[in-house]
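> Got a structure here, written out as structure tokens. Questions coming.
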Amino acid sequence: MKTAPVNKKNRTRRLNLRATEHQERLIRTGAQTRGVSVTDFILESACLQAEHALADKREFIVSSKQRQAFLEALDRPAHVNPKLAQLFSNPIVLPRASNR
């Protein structure tokens, strides 16, 4: 997953962070090795991590057999669970808090 290039002129937001001496040295060395600024290095790394974290919530990698089973389950008619239907037919499930 590749982060979208950002025009530096569009950067109007500021993020502040604190790091240990070791973390700063590591980040600066990483940026220098890649030939980019520390800002570009940190933003690219942080955005990539954010995209991976969000991808775990929206992308699922399954085998073709698992995919087929999933699609078949989606195509099956809905099954009514009588106890669940009864639960949702009650207007109040939890006791109301008293007004103070």
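Naming scheme: A, B, ... for chains in displayed order of the structure tokens; residues 1 onward per chain; ligands 1 onward as shown.
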Using the chain letters and numbers from this document, which residues of chain A does DSSP assign to alpha helix (DSSP H), as a PyMOL selection string?

chain A and resi 21-34+38-58+64-75+82-89

> Which residues come within 12 Å of region 21-35 of chain A, counting only C-alpha atoms, excluding same-chain residues fewer than 4 positions away, as a list in words?

Leu17, Thr39, Asp40, Phe41, Ile42, Leu43, Glu44, Ser45 and Ala46 of chain A

> Considering only C-alpha atoms, tabulate each residue of region 1-68 of chain A that lies at most 12 Å from region 72-78 of chain A along with its nearest interatomic pair and the corresponding distance in Å to one decimal; arrange the rows by chain and ascending residue number and present them as a Markdown table.


```
| residue | atom | partner | partner_atom | distance |
| --- | --- | --- | --- | --- |
| A:Lys65 | CA | A:Glu72 | CA | 10.7 |
| A:Gln66 | CA | A:Glu72 | CA | 9.9 |
| A:Arg67 | CA | A:Glu72 | CA | 8.6 |
| A:Gln68 | CA | A:Glu72 | CA | 6.1 |
```
